[in-house]
Structure formats: structure tokens, C-alpha cells
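Coordinates as given in work-v2.txt (compact mmCIF, C-alpha atoms):
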# COMPACT_ATOMS: atom_id res chain seq x y z
CA MET A 10 43.48 -29.77 139.27
CA THR A 11 45.64 -32.57 137.79
CA ARG A 12 46.28 -33.15 134.10
CA PHE A 13 44.22 -36.36 134.29
CA SER A 14 41.25 -34.50 135.80
CA LYS A 15 41.54 -31.76 133.21
CA TRP A 16 41.33 -34.32 130.39
CA ALA A 17 38.52 -36.34 131.98
CA ILE A 18 36.40 -33.25 132.70
CA ARG A 19 36.98 -31.68 129.29
CA LEU A 20 36.08 -34.98 127.63
CA SER A 21 32.92 -35.05 129.74
CA LEU A 22 32.02 -31.56 128.50
CA GLY A 23 32.56 -32.64 124.89
CA TYR A 24 30.37 -35.73 125.35
CA MET A 25 27.73 -33.64 127.10
CA LEU A 26 27.55 -31.33 124.09
CA ILE A 27 27.16 -34.27 121.70
CA GLY A 28 24.52 -35.80 124.02
CA PHE A 29 22.64 -32.48 124.28
CA THR A 30 22.77 -32.03 120.49
CA ILE A 31 21.31 -35.49 119.80
CA GLY A 32 18.74 -34.99 122.58
CA GLY A 33 17.79 -31.55 121.24
CA LEU A 34 17.31 -32.98 117.74
CA MET A 35 15.17 -35.80 119.14
CA LEU A 36 12.97 -33.35 121.06
CA ALA A 37 12.67 -30.96 118.12
CA ASN A 38 11.81 -33.95 115.93
CA LYS A 39 8.75 -34.55 118.10
CA GLY A 40 7.53 -31.06 117.13
CA PHE A 41 8.35 -31.13 113.43
CA LEU A 42 9.77 -34.10 111.57
CA ILE A 43 13.28 -32.83 110.79
CA LEU A 44 15.20 -36.10 110.47
CA PRO A 45 13.12 -39.31 110.47
CA SER A 46 16.11 -41.39 111.63
CA VAL A 47 16.82 -39.29 114.77
CA PRO A 48 14.75 -41.45 117.20
CA LEU A 49 17.07 -44.36 116.36
CA TYR A 50 19.88 -42.45 118.10
CA LEU A 51 18.22 -42.79 121.53
CA PRO A 52 20.69 -45.44 122.84
CA VAL A 53 23.61 -43.29 121.64
CA HIS A 54 22.11 -40.22 123.36
CA ILE A 55 21.76 -42.20 126.61
CA GLU A 56 25.33 -43.55 126.32
CA TYR A 57 26.86 -40.10 125.72
CA MET A 58 24.95 -38.63 128.66
CA MET A 59 25.47 -41.45 131.17
CA VAL A 60 28.95 -42.75 130.36
CA GLY A 61 30.27 -39.74 128.43
CA TRP A 62 29.04 -36.91 130.63
CA PHE A 63 28.43 -38.33 134.12
CA ILE A 64 31.09 -41.07 134.41
CA HIS A 65 33.88 -38.94 132.92
CA LEU A 66 32.98 -36.08 135.24
CA ILE A 67 32.96 -38.45 138.23
CA PHE A 68 36.39 -39.82 137.19
CA GLY A 69 37.85 -36.33 136.86
CA VAL A 70 36.45 -34.87 140.07
CA ALA A 71 37.07 -37.98 142.23
CA TYR A 72 40.69 -38.27 141.07
CA TRP A 73 41.22 -34.59 141.80
CA MET A 74 39.42 -34.21 145.15
CA PHE A 75 39.55 -37.50 147.08
CA PRO A 76 42.04 -37.75 149.99
CA ARG A 77 45.62 -38.27 148.82
CA PHE A 78 48.31 -40.68 150.00
CA THR A 79 51.30 -39.51 151.97
CA PRO A 80 54.22 -40.75 149.81
CA LYS A 81 56.59 -41.04 152.82
CA GLU A 82 54.25 -43.47 154.61
CA THR A 83 52.83 -45.46 151.74
CA GLY A 84 55.52 -45.29 149.09
CA LEU A 85 52.75 -44.40 146.65
CA ARG A 86 52.28 -41.22 144.64
CA PRO A 87 49.70 -38.84 146.16
CA ARG A 88 46.92 -39.99 143.81
CA GLY A 89 47.95 -43.64 143.43
CA PHE A 90 48.98 -45.25 140.16
CA VAL A 91 48.89 -42.50 137.57
CA ARG A 92 49.27 -44.84 134.58
CA ALA A 93 46.42 -47.00 135.85
CA ALA A 94 44.19 -43.92 135.96
CA TRP A 95 45.13 -42.96 132.40
CA GLY A 96 44.62 -46.58 131.30
CA SER A 97 41.13 -46.62 132.79
CA LEU A 98 40.25 -43.39 130.97
CA LEU A 99 41.54 -44.83 127.70
CA LEU A 100 39.56 -48.07 128.13
CA LEU A 101 36.40 -46.14 128.97
CA ASN A 102 36.74 -44.05 125.82
CA ILE A 103 37.53 -47.02 123.58
CA GLY A 104 34.44 -48.74 125.01
CA LEU A 105 32.27 -45.68 124.46
CA VAL A 106 33.39 -45.29 120.84
CA ILE A 107 32.92 -49.03 120.06
CA PHE A 108 29.49 -49.10 121.72
CA THR A 109 28.13 -46.00 119.99
CA THR A 110 29.65 -46.92 116.61
CA GLY A 111 28.21 -50.42 116.96
CA GLN A 112 24.83 -48.94 117.76
CA LEU A 113 24.89 -46.73 114.67
CA VAL A 114 26.44 -48.92 111.99
CA THR A 115 25.54 -52.52 112.78
CA ASP A 116 22.82 -54.51 114.47
CA LYS A 117 25.30 -57.17 115.61
CA LEU A 118 25.07 -57.38 119.39
CA TRP A 119 28.66 -58.53 119.96
CA PHE A 120 29.88 -55.06 118.90
CA ARG A 121 27.95 -53.43 121.72
CA PHE A 122 28.94 -56.25 124.05
CA LEU A 123 32.61 -55.52 123.32
CA GLY A 124 32.13 -51.78 123.87
CA ARG A 125 30.31 -52.27 127.14
CA SER A 126 33.03 -54.74 128.28
CA PHE A 127 35.75 -52.13 127.70
CA GLU A 128 33.70 -49.61 129.67
CA VAL A 129 33.29 -52.03 132.59
CA ILE A 130 37.01 -52.94 132.67
CA GLY A 131 37.98 -49.25 132.51
CA THR A 132 35.59 -48.34 135.32
CA LEU A 133 36.78 -51.28 137.41
CA ALA A 134 40.43 -50.27 136.93
CA PHE A 135 39.61 -46.72 138.00
CA PHE A 136 37.73 -47.90 141.10
CA VAL A 137 40.54 -50.28 142.14
CA ASN A 138 42.95 -47.35 141.97
CA LEU A 139 40.56 -45.03 143.83
CA TRP A 140 39.40 -47.47 146.51
CA PRO A 141 42.30 -46.98 149.01
CA ARG A 142 41.81 -43.19 148.76
CA ILE A 143 38.36 -43.50 150.32
CA LYS A 144 39.66 -43.11 153.84
CA PRO A 145 39.33 -40.86 156.87
CA VAL A 146 41.42 -37.70 157.12
CA LYS A 147 44.43 -38.21 159.38
CA LYS A 148 44.43 -35.92 162.42
CA PRO A 149 47.70 -34.01 162.94
CA MET B 2 27.51 -19.66 148.88
CA PRO B 3 26.74 -17.10 146.14
CA THR B 4 23.12 -16.31 145.25
CA PHE B 5 23.19 -17.99 141.84
CA VAL B 6 24.51 -21.24 143.32
CA ARG B 7 21.62 -21.25 145.81
CA TYR B 8 19.19 -20.84 142.92
CA TYR B 9 20.80 -23.71 140.99
CA ILE B 10 20.79 -26.09 143.96
CA LYS B 11 17.31 -25.23 145.26
CA THR B 12 15.82 -25.50 141.76
CA ALA B 13 17.58 -28.85 141.31
CA LEU B 14 16.03 -30.09 144.58
CA ILE B 15 12.57 -28.98 143.42
CA TYR B 16 13.03 -30.90 140.15
CA PHE B 17 14.16 -33.92 142.15
CA LEU B 18 10.98 -33.89 144.23
CA LEU B 19 8.83 -33.21 141.16
CA SER B 20 10.37 -36.08 139.21
CA LEU B 21 9.93 -38.44 142.18
CA LEU B 22 6.28 -37.39 142.37
CA ILE B 23 5.75 -38.02 138.65
CA GLY B 24 7.53 -41.37 139.11
CA VAL B 25 5.00 -42.32 141.80
CA LEU B 26 2.09 -41.18 139.61
CA LEU B 27 3.46 -43.18 136.66
CA LEU B 28 3.31 -46.29 138.84
CA ALA B 29 -0.08 -45.35 140.26
CA VAL B 30 -1.66 -45.60 136.79
CA PRO B 31 -1.27 -49.40 136.42
CA VAL B 32 -1.61 -50.10 140.16
CA PHE B 33 -4.93 -48.29 140.58
CA GLU B 34 -6.00 -48.82 136.96
CA LEU B 35 -6.25 -45.06 136.33
CA SER B 36 -6.49 -43.65 132.83
CA SER B 37 -3.20 -42.07 131.70
CA THR B 38 -3.48 -38.31 132.19
CA LEU B 39 -1.71 -35.22 130.92
CA ILE B 40 1.27 -35.17 133.29
CA LEU B 41 2.25 -38.80 132.90
CA ASP B 42 4.97 -39.02 130.29
CA LEU B 43 8.08 -41.16 130.73
CA PRO B 44 10.61 -39.04 128.72
CA THR B 45 9.49 -35.88 130.56
CA TYR B 46 9.92 -37.66 133.89
CA LEU B 47 13.40 -38.96 132.98
CA HIS B 48 14.57 -35.52 131.79
CA LEU B 49 13.28 -33.75 134.88
CA PHE B 50 15.39 -36.19 136.87
CA VAL B 51 18.55 -36.30 134.74
CA VAL B 52 18.65 -32.69 133.46
CA GLY B 53 16.59 -30.83 136.08
CA TRP B 54 18.06 -32.57 139.11
CA ILE B 55 21.46 -34.17 138.35
CA THR B 56 22.78 -31.91 135.56
CA GLN B 57 21.53 -28.71 137.22
CA LEU B 58 23.17 -29.73 140.51
CA ILE B 59 26.46 -30.43 138.67
CA PHE B 60 26.24 -27.06 136.90
CA GLY B 61 25.64 -25.17 140.16
CA VAL B 62 28.27 -26.94 142.26
CA SER B 63 30.96 -26.84 139.55
CA ILE B 64 30.40 -23.12 138.92
CA TRP B 65 30.76 -22.63 142.67
CA MET B 66 33.74 -24.95 143.38
CA PHE B 67 35.92 -25.14 140.25
CA PRO B 68 39.13 -23.04 140.12
CA ALA B 69 38.59 -19.34 139.48
CA PRO B 70 38.72 -18.24 135.83
CA ASP B 71 41.36 -15.87 134.48
CA HIS B 72 38.75 -13.19 133.79
CA GLY B 73 35.43 -12.07 135.27
CA GLY B 74 35.93 -12.56 139.02
CA ARG B 75 35.88 -15.66 141.26
CA TYR B 76 32.99 -17.38 139.44
CA GLY B 77 33.41 -15.92 135.96
CA TYR B 78 30.93 -13.63 134.22
CA GLU B 79 27.83 -13.60 136.43
CA LYS B 80 25.49 -12.66 133.58
CA LEU B 81 26.57 -15.78 131.72
CA VAL B 82 25.93 -17.91 134.82
CA TRP B 83 22.38 -16.49 135.03
CA ALA B 84 21.88 -17.00 131.28
CA ILE B 85 22.76 -20.70 131.69
CA TYR B 86 20.29 -21.00 134.58
CA LEU B 87 17.49 -19.26 132.71
CA THR B 88 17.91 -21.11 129.40
CA LEU B 89 18.14 -24.51 131.09
CA ASN B 90 15.06 -23.98 133.24
CA ALA B 91 12.97 -22.22 130.61
CA GLY B 92 13.73 -25.13 128.26
CA LEU B 93 12.79 -27.71 130.88
CA LEU B 94 9.56 -25.95 131.84
CA LEU B 95 8.50 -25.69 128.18
CA ARG B 96 9.22 -29.39 127.82
CA LEU B 97 7.19 -30.16 130.95
CA ILE B 98 4.16 -28.53 129.32
CA ALA B 99 4.63 -29.34 125.64
CA GLU B 100 5.79 -32.97 125.64
CA PRO B 101 2.83 -34.47 127.52
CA GLY B 102 0.61 -31.85 125.86
CA THR B 103 1.29 -33.18 122.36
CA ARG B 104 -0.05 -36.56 123.44
CA VAL B 105 -3.37 -34.96 124.34
CA VAL B 106 -3.66 -32.26 121.66
CA GLN B 107 -2.49 -33.79 118.40
CA ASP B 108 -0.87 -31.60 115.70
CA SER B 109 -0.90 -28.41 117.75
CA LEU B 110 1.34 -25.91 116.01
CA PHE B 111 1.76 -24.01 119.28
CA LEU B 112 2.90 -27.07 121.26
CA ASN B 113 5.15 -28.22 118.41
CA TRP B 114 6.91 -24.85 118.41
CA MET B 115 7.22 -25.05 122.17
CA LEU B 116 9.12 -28.32 121.73
CA ILE B 117 11.48 -26.72 119.20
CA ILE B 118 12.12 -23.73 121.48
CA SER B 119 12.60 -26.05 124.47
CA ALA B 120 15.19 -28.08 122.53
CA LEU B 121 17.02 -24.91 121.48
CA LEU B 122 17.02 -23.47 125.00
CA GLN B 123 18.34 -26.64 126.65
CA TRP B 124 20.99 -27.07 123.98
CA SER B 125 22.01 -23.40 124.43
CA ALA B 126 22.33 -23.98 128.18
CA GLY B 127 24.70 -26.90 127.55
CA LEU B 128 26.77 -24.86 125.11
CA LEU B 129 26.94 -21.78 127.38
CA TYR B 130 27.90 -23.93 130.38
CA SER B 131 30.69 -25.63 128.42
CA LEU B 132 32.00 -22.25 127.27
CA HIS B 133 31.84 -20.89 130.81
CA ILE B 134 33.48 -23.82 132.59
CA TRP B 135 36.04 -24.85 129.92
CA GLY B 136 38.64 -22.27 130.97
CA ARG B 137 38.12 -23.15 134.65
CA VAL B 138 39.10 -26.79 134.08
CA LYS B 139 42.79 -26.12 134.70
CA GLY B 140 45.70 -26.71 137.06
CA LYS B 141 46.72 -24.44 139.92

Could you rewrite the structure in this file as C-alpha cells?
Amino acid sequence: MTRFSKWAIRLSLGYMLIGFTIGGLMLANKGFLILPSVPLYLPVHIEYMMVGWFIHLIFGVAYWMFPRFTPKETGLRPRGFVRAAWGSLLLLNIGLVIFTTGQLVTDKLWFRFLGRSFEVIGTLAFFVNLWPRIKPVKKP
Amino acid sequence: MPTFVRYYIKTALIYFLLSLLIGVLLLAVPVFELSSTLILDLPTYLHLFVVGWITQLIFGVSIWMFPAPDHGGRYGYEKLVWAIYLTLNAGLLLRLIAEPGTRVVQDSLFLNWMLIISALLQWSAGLLYSLHIWGRVKGK
């Protein structure tokens, strides 16, 4: 497993734990009113589970397991542009933090718009880097 | 494929079918002008799909395919793997009963406690899984 995949997957585990914690509090709150404000965290719970847990895990596993380039033939590194991959992970995380912070501290929509935009650009950058690796296996 | 992985994947498939069925029933209510019944609850449906199907499948496949841990054999401590499976599914099943149930039986202490226990069990599953898989997210 590459260093990039290790970071992406461990981040996904961290986000999953935050998502599960918020979700658990929301469910428990339906039984007994523990924190009246907890239901307001629903969009943050969804964001941590969908973008934090699933998308990070997909990034990590896809980067690790998809077919690699042959450097001699393509002149590329086995997993494409490494800095582009790291850049996409950084953008995704900046977007996630801006979106969830915006959701919690302000009702101004542009904050969430900015966060979501970072997430989309990060995901797009990752896909552009991954796209040529979706290819058939070369027969020897 | 080890026994516990088969359990994870087959249970995930059952949740997938169950959530699709509930999805159809949720749409049948407005289409056929039926009165909303006990099983029809949107959050329960979404969680059967996202936790029961997608998350459980990820848990099973990652425990099976990720690099071997430093201790506890090829897949890590098997008792821990079973504990994750049992807590996740016990939590989901309690939710399946209690969440729609509280809409029918208001202020039921029994159902409210079931929600609390369900939240705790699902959260424990997430925590145990993270602890189990964390050390296996590593390079060669």
C-alpha cells in the first residue's frame, strides 16, 4: 500500500468515527433528549459519511489497486502524477472542513458553496489522474 | 474466502435487498394511497442501505483483502472480527424495530432504550473496526 493510500484510508477511518459518533448521538437523541441541538448536525453527519468515509476510502483503494503504468513505455510513474494525487486529497479535505464548518457556524450559503466547490475540484483532479489507469491488463 | 467474510458479504446482500424492498414500499404509500405503516420510515431505510449494505460490505472485504496485520494471523484477531459483525448487526436490527416503532407507540421507555442501545452498538462497531483495521493500513 502506498503512502498516499495509507493517508487517504486512515483519514477515511477518522471521518467514519466522527460520522458514527454524530449519527449515534442523533439516534440516541430520538430515545431520550440528550442534546436538543443534535438534529441540526444531520448535514454534517451526511457529509462526514459520504465524502469523509466513502470518498476517501475510494481514493485510497483506487490509487493503490488500479492497474499501474509501465514507466519504460509511458514515461510516467507507476501510479501517475503523485503530486496531483496529493493535491486532490488536500483539496477534498479543505472542502470538507469548509463545508462542515460553514454548516455549523453560519447560515450563509456561499460558505457551503465554497466547500463543495473545493470537494468537486479535488475529486475531478483525482479522477483525471486515475482515468488512464482504467485500462485492460497487458498480456505478456 | 474465510467464514466471517462470507457472513459479512451475505448479510450485506440481505440488507441490500431489504432496503430496496422498503424503498419500493415507501413509494407504494403515495402511489396506491396507502396509510403509512410500521415499517415505512425513511431514516431506517437509508441506514439499512448505507450501513447495512455499503458499510458492511466495505468492512467484510477490507478485513479479507487488506495487508496482514503484525499480530493475530492473516486477518487479525478473529474474535474481534466477529465482535464487529455482531455489534453492527445487533445495532441495526434494534434500529429496524425501534425507530419505526417509536412513531407508532409514543413515549415507550422500552423502545427508547432500544434506540440508545442500538446507537451504542453501531458506534462500538465503528470503533472496533477502526481499531482492527488501523494497523493493517500500511505499506509492504

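The two atoms in question, CA of Leu89 (chain B) and CA of Ala126 (chain B), are spaced 5.1 Å apart.
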
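Atom pair CA of Leu22 (chain A) / CA of Met10 (chain A) has a distance of 15.8 Å (rounded to one decimal).
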
Query raised in the report: Excluding same-chain residues fewer than 3 positions from region 12-16 of chain B, what lies within 12 Å of it counting all atoms listed in the file, as a PyMOL selection string?
Result: chain B and resi 5-9+19-24+45-62+86-87+89-91+93-94+97

Query - Neighbours of chain B in chain A at 7 Å, counting only C-alpha atoms, as JSON, numbers by chain - result: {"A": [10, 11, 15, 19, 22, 26, 29, 30, 33, 36, 37, 40, 41]}

Report task. Write out as a PyMOL selection string which residues come within 6 Å of region 69-85 of chain A when counting all atoms listed in the file, dropping same-chain ones fewer than 6 positions away. Result -> chain A and resi 10+14+17-18+142

Writing out the chosen residues with C-alpha atoms as a short mmCIF file (atom, residue, chain, number, x, y, z; two decimals), in the coordinates of the input:
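Contents of part_29.cif, as written:
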data_model
loop_
_atom_site.label_atom_id
_atom_site.label_comp_id
_atom_site.auth_asym_id
_atom_site.auth_seq_id
_atom_site.Cartn_x
_atom_site.Cartn_y
_atom_site.Cartn_z
CA MET A 10 43.48 -29.77 139.27
CA SER A 14 41.25 -34.50 135.80
CA ALA A 17 38.52 -36.34 131.98
CA ILE A 18 36.40 -33.25 132.70
CA ARG A 142 41.81 -43.19 148.76
#

Could you add whatever atoms are missing so that region 74-85 of chain A carries all heavy atoms, then write the result as a PDB file, keeping the file's coordinate frame?
ATOM      1  N   MET A  74      39.809 -34.691 143.827  1.00  0.00           N
ATOM      2  CA  MET A  74      39.420 -34.210 145.150  1.00  0.00           C
ATOM      3  C   MET A  74      39.497 -35.229 146.285  1.00  0.00           C
ATOM      4  O   MET A  74      39.483 -34.836 147.458  1.00  0.00           O
ATOM      5  CB  MET A  74      38.013 -33.627 145.081  1.00  0.00           C
ATOM      6  CG  MET A  74      37.932 -32.446 144.140  1.00  0.00           C
ATOM      7  SD  MET A  74      36.473 -31.467 144.351  1.00  0.00           S
ATOM      8  CE  MET A  74      36.994 -30.334 145.604  1.00  0.00           C
ATOM      9  N   PHE A  75      39.532 -36.515 145.987  1.00  0.00           N
ATOM     10  CA  PHE A  75      39.550 -37.500 147.080  1.00  0.00           C
ATOM     11  C   PHE A  75      40.840 -37.389 147.890  1.00  0.00           C
ATOM     12  O   PHE A  75      41.852 -36.905 147.376  1.00  0.00           O
ATOM     13  CB  PHE A  75      39.390 -38.912 146.500  1.00  0.00           C
ATOM     14  CG  PHE A  75      37.950 -39.316 146.302  1.00  0.00           C
ATOM     15  CD1 PHE A  75      36.977 -38.377 146.015  1.00  0.00           C
ATOM     16  CD2 PHE A  75      37.545 -40.642 146.395  1.00  0.00           C
ATOM     17  CE1 PHE A  75      35.646 -38.731 145.825  1.00  0.00           C
ATOM     18  CE2 PHE A  75      36.215 -41.007 146.212  1.00  0.00           C
ATOM     19  CZ  PHE A  75      35.276 -40.054 145.925  1.00  0.00           C
ATOM     20  N   PRO A  76      40.821 -37.849 149.161  1.00  0.00           N
ATOM     21  CA  PRO A  76      42.040 -37.750 149.990  1.00  0.00           C
ATOM     22  C   PRO A  76      43.239 -38.388 149.304  1.00  0.00           C
ATOM     23  O   PRO A  76      43.091 -39.417 148.633  1.00  0.00           O
ATOM     24  CB  PRO A  76      41.662 -38.541 151.258  1.00  0.00           C
ATOM     25  CG  PRO A  76      40.186 -38.528 151.304  1.00  0.00           C
ATOM     26  CD  PRO A  76      39.712 -38.488 149.883  1.00  0.00           C
ATOM     27  N   ARG A  77      44.400 -37.776 149.491  1.00  0.00           N
ATOM     28  CA  ARG A  77      45.620 -38.270 148.820  1.00  0.00           C
ATOM     29  C   ARG A  77      46.464 -39.126 149.768  1.00  0.00           C
ATOM     30  O   ARG A  77      46.309 -39.035 150.982  1.00  0.00           O
ATOM     31  CB  ARG A  77      46.430 -37.078 148.313  1.00  0.00           C
ATOM     32  CG  ARG A  77      45.895 -36.509 147.027  1.00  0.00           C
ATOM     33  CD  ARG A  77      46.505 -35.189 146.704  1.00  0.00           C
ATOM     34  NE  ARG A  77      45.838 -34.115 147.453  1.00  0.00           N
ATOM     35  CZ  ARG A  77      46.189 -32.857 147.408  1.00  0.00           C
ATOM     36  NH1 ARG A  77      47.233 -32.488 146.695  1.00  0.00           N
ATOM     37  NH2 ARG A  77      45.547 -31.949 148.095  1.00  0.00           N
ATOM     38  N   PHE A  78      47.368 -39.902 149.200  1.00  0.00           N
ATOM     39  CA  PHE A  78      48.310 -40.680 150.000  1.00  0.00           C
ATOM     40  C   PHE A  78      49.463 -39.783 150.449  1.00  0.00           C
ATOM     41  O   PHE A  78      49.781 -38.792 149.793  1.00  0.00           O
ATOM     42  CB  PHE A  78      48.906 -41.827 149.177  1.00  0.00           C
ATOM     43  CG  PHE A  78      47.900 -42.836 148.731  1.00  0.00           C
ATOM     44  CD1 PHE A  78      47.710 -43.106 147.387  1.00  0.00           C
ATOM     45  CD2 PHE A  78      47.146 -43.545 149.658  1.00  0.00           C
ATOM     46  CE1 PHE A  78      46.780 -44.045 146.968  1.00  0.00           C
ATOM     47  CE2 PHE A  78      46.219 -44.485 149.254  1.00  0.00           C
ATOM     48  CZ  PHE A  78      46.040 -44.734 147.905  1.00  0.00           C
ATOM     49  N   THR A  79      50.077 -40.177 151.560  1.00  0.00           N
ATOM     50  CA  THR A  79      51.300 -39.510 151.970  1.00  0.00           C
ATOM     51  C   THR A  79      52.456 -40.367 151.452  1.00  0.00           C
ATOM     52  O   THR A  79      52.664 -41.482 151.950  1.00  0.00           O
ATOM     53  CB  THR A  79      51.373 -39.417 153.521  1.00  0.00           C
ATOM     54  OG1 THR A  79      50.098 -38.968 153.977  1.00  0.00           O
ATOM     55  CG2 THR A  79      52.440 -38.455 153.979  1.00  0.00           C
ATOM     56  N   PRO A  80      53.188 -39.907 150.442  1.00  0.00           N
ATOM     57  CA  PRO A  80      54.220 -40.750 149.810  1.00  0.00           C
ATOM     58  C   PRO A  80      55.233 -41.321 150.799  1.00  0.00           C
ATOM     59  O   PRO A  80      55.643 -42.471 150.666  1.00  0.00           O
ATOM     60  CB  PRO A  80      54.881 -39.799 148.816  1.00  0.00           C
ATOM     61  CG  PRO A  80      53.839 -38.787 148.511  1.00  0.00           C
ATOM     62  CD  PRO A  80      53.062 -38.612 149.774  1.00  0.00           C
ATOM     63  N   LYS A  81      55.593 -40.560 151.853  1.00  0.00           N
ATOM     64  CA  LYS A  81      56.590 -41.040 152.820  1.00  0.00           C
ATOM     65  C   LYS A  81      56.115 -42.285 153.549  1.00  0.00           C
ATOM     66  O   LYS A  81      56.882 -43.186 153.879  1.00  0.00           O
ATOM     67  CB  LYS A  81      56.910 -39.943 153.847  1.00  0.00           C
ATOM     68  CG  LYS A  81      57.959 -38.963 153.350  1.00  0.00           C
ATOM     69  CD  LYS A  81      58.267 -37.944 154.430  1.00  0.00           C
ATOM     70  CE  LYS A  81      59.193 -36.872 153.872  1.00  0.00           C
ATOM     71  NZ  LYS A  81      59.329 -35.747 154.817  1.00  0.00           N
ATOM     72  N   GLU A  82      54.811 -42.339 153.849  1.00  0.00           N
ATOM     73  CA  GLU A  82      54.250 -43.470 154.610  1.00  0.00           C
ATOM     74  C   GLU A  82      53.900 -44.659 153.735  1.00  0.00           C
ATOM     75  O   GLU A  82      54.082 -45.815 154.125  1.00  0.00           O
ATOM     76  CB  GLU A  82      52.991 -43.004 155.360  1.00  0.00           C
ATOM     77  CG  GLU A  82      53.298 -42.073 156.513  1.00  0.00           C
ATOM     78  CD  GLU A  82      52.031 -41.528 157.153  1.00  0.00           C
ATOM     79  OE1 GLU A  82      50.931 -42.005 156.844  1.00  0.00           O
ATOM     80  OE2 GLU A  82      52.161 -40.581 157.949  1.00  0.00           O
ATOM     81  N   THR A  83      53.361 -44.377 152.560  1.00  0.00           N
ATOM     82  CA  THR A  83      52.830 -45.460 151.740  1.00  0.00           C
ATOM     83  C   THR A  83      53.752 -45.884 150.604  1.00  0.00           C
ATOM     84  O   THR A  83      53.594 -46.971 150.050  1.00  0.00           O
ATOM     85  CB  THR A  83      51.476 -45.040 151.123  1.00  0.00           C
ATOM     86  OG1 THR A  83      51.703 -43.858 150.348  1.00  0.00           O
ATOM     87  CG2 THR A  83      50.436 -44.760 152.197  1.00  0.00           C
ATOM     88  N   GLY A  84      54.659 -45.014 150.242  1.00  0.00           N
ATOM     89  CA  GLY A  84      55.520 -45.290 149.090  1.00  0.00           C
ATOM     90  C   GLY A  84      54.782 -45.090 147.774  1.00  0.00           C
ATOM     91  O   GLY A  84      55.313 -45.378 146.695  1.00  0.00           O
ATOM     92  N   LEU A  85      53.547 -44.632 147.857  1.00  0.00           N
ATOM     93  CA  LEU A  85      52.750 -44.400 146.650  1.00  0.00           C
ATOM     94  C   LEU A  85      52.749 -42.913 146.292  1.00  0.00           C
ATOM     95  O   LEU A  85      52.987 -42.069 147.152  1.00  0.00           O
ATOM     96  CB  LEU A  85      51.305 -44.851 146.871  1.00  0.00           C
ATOM     97  CG  LEU A  85      51.079 -46.342 147.058  1.00  0.00           C
ATOM     98  CD1 LEU A  85      49.674 -46.593 147.590  1.00  0.00           C
ATOM     99  CD2 LEU A  85      51.293 -47.086 145.749  1.00  0.00           C
TER     100      LEU A  85
END
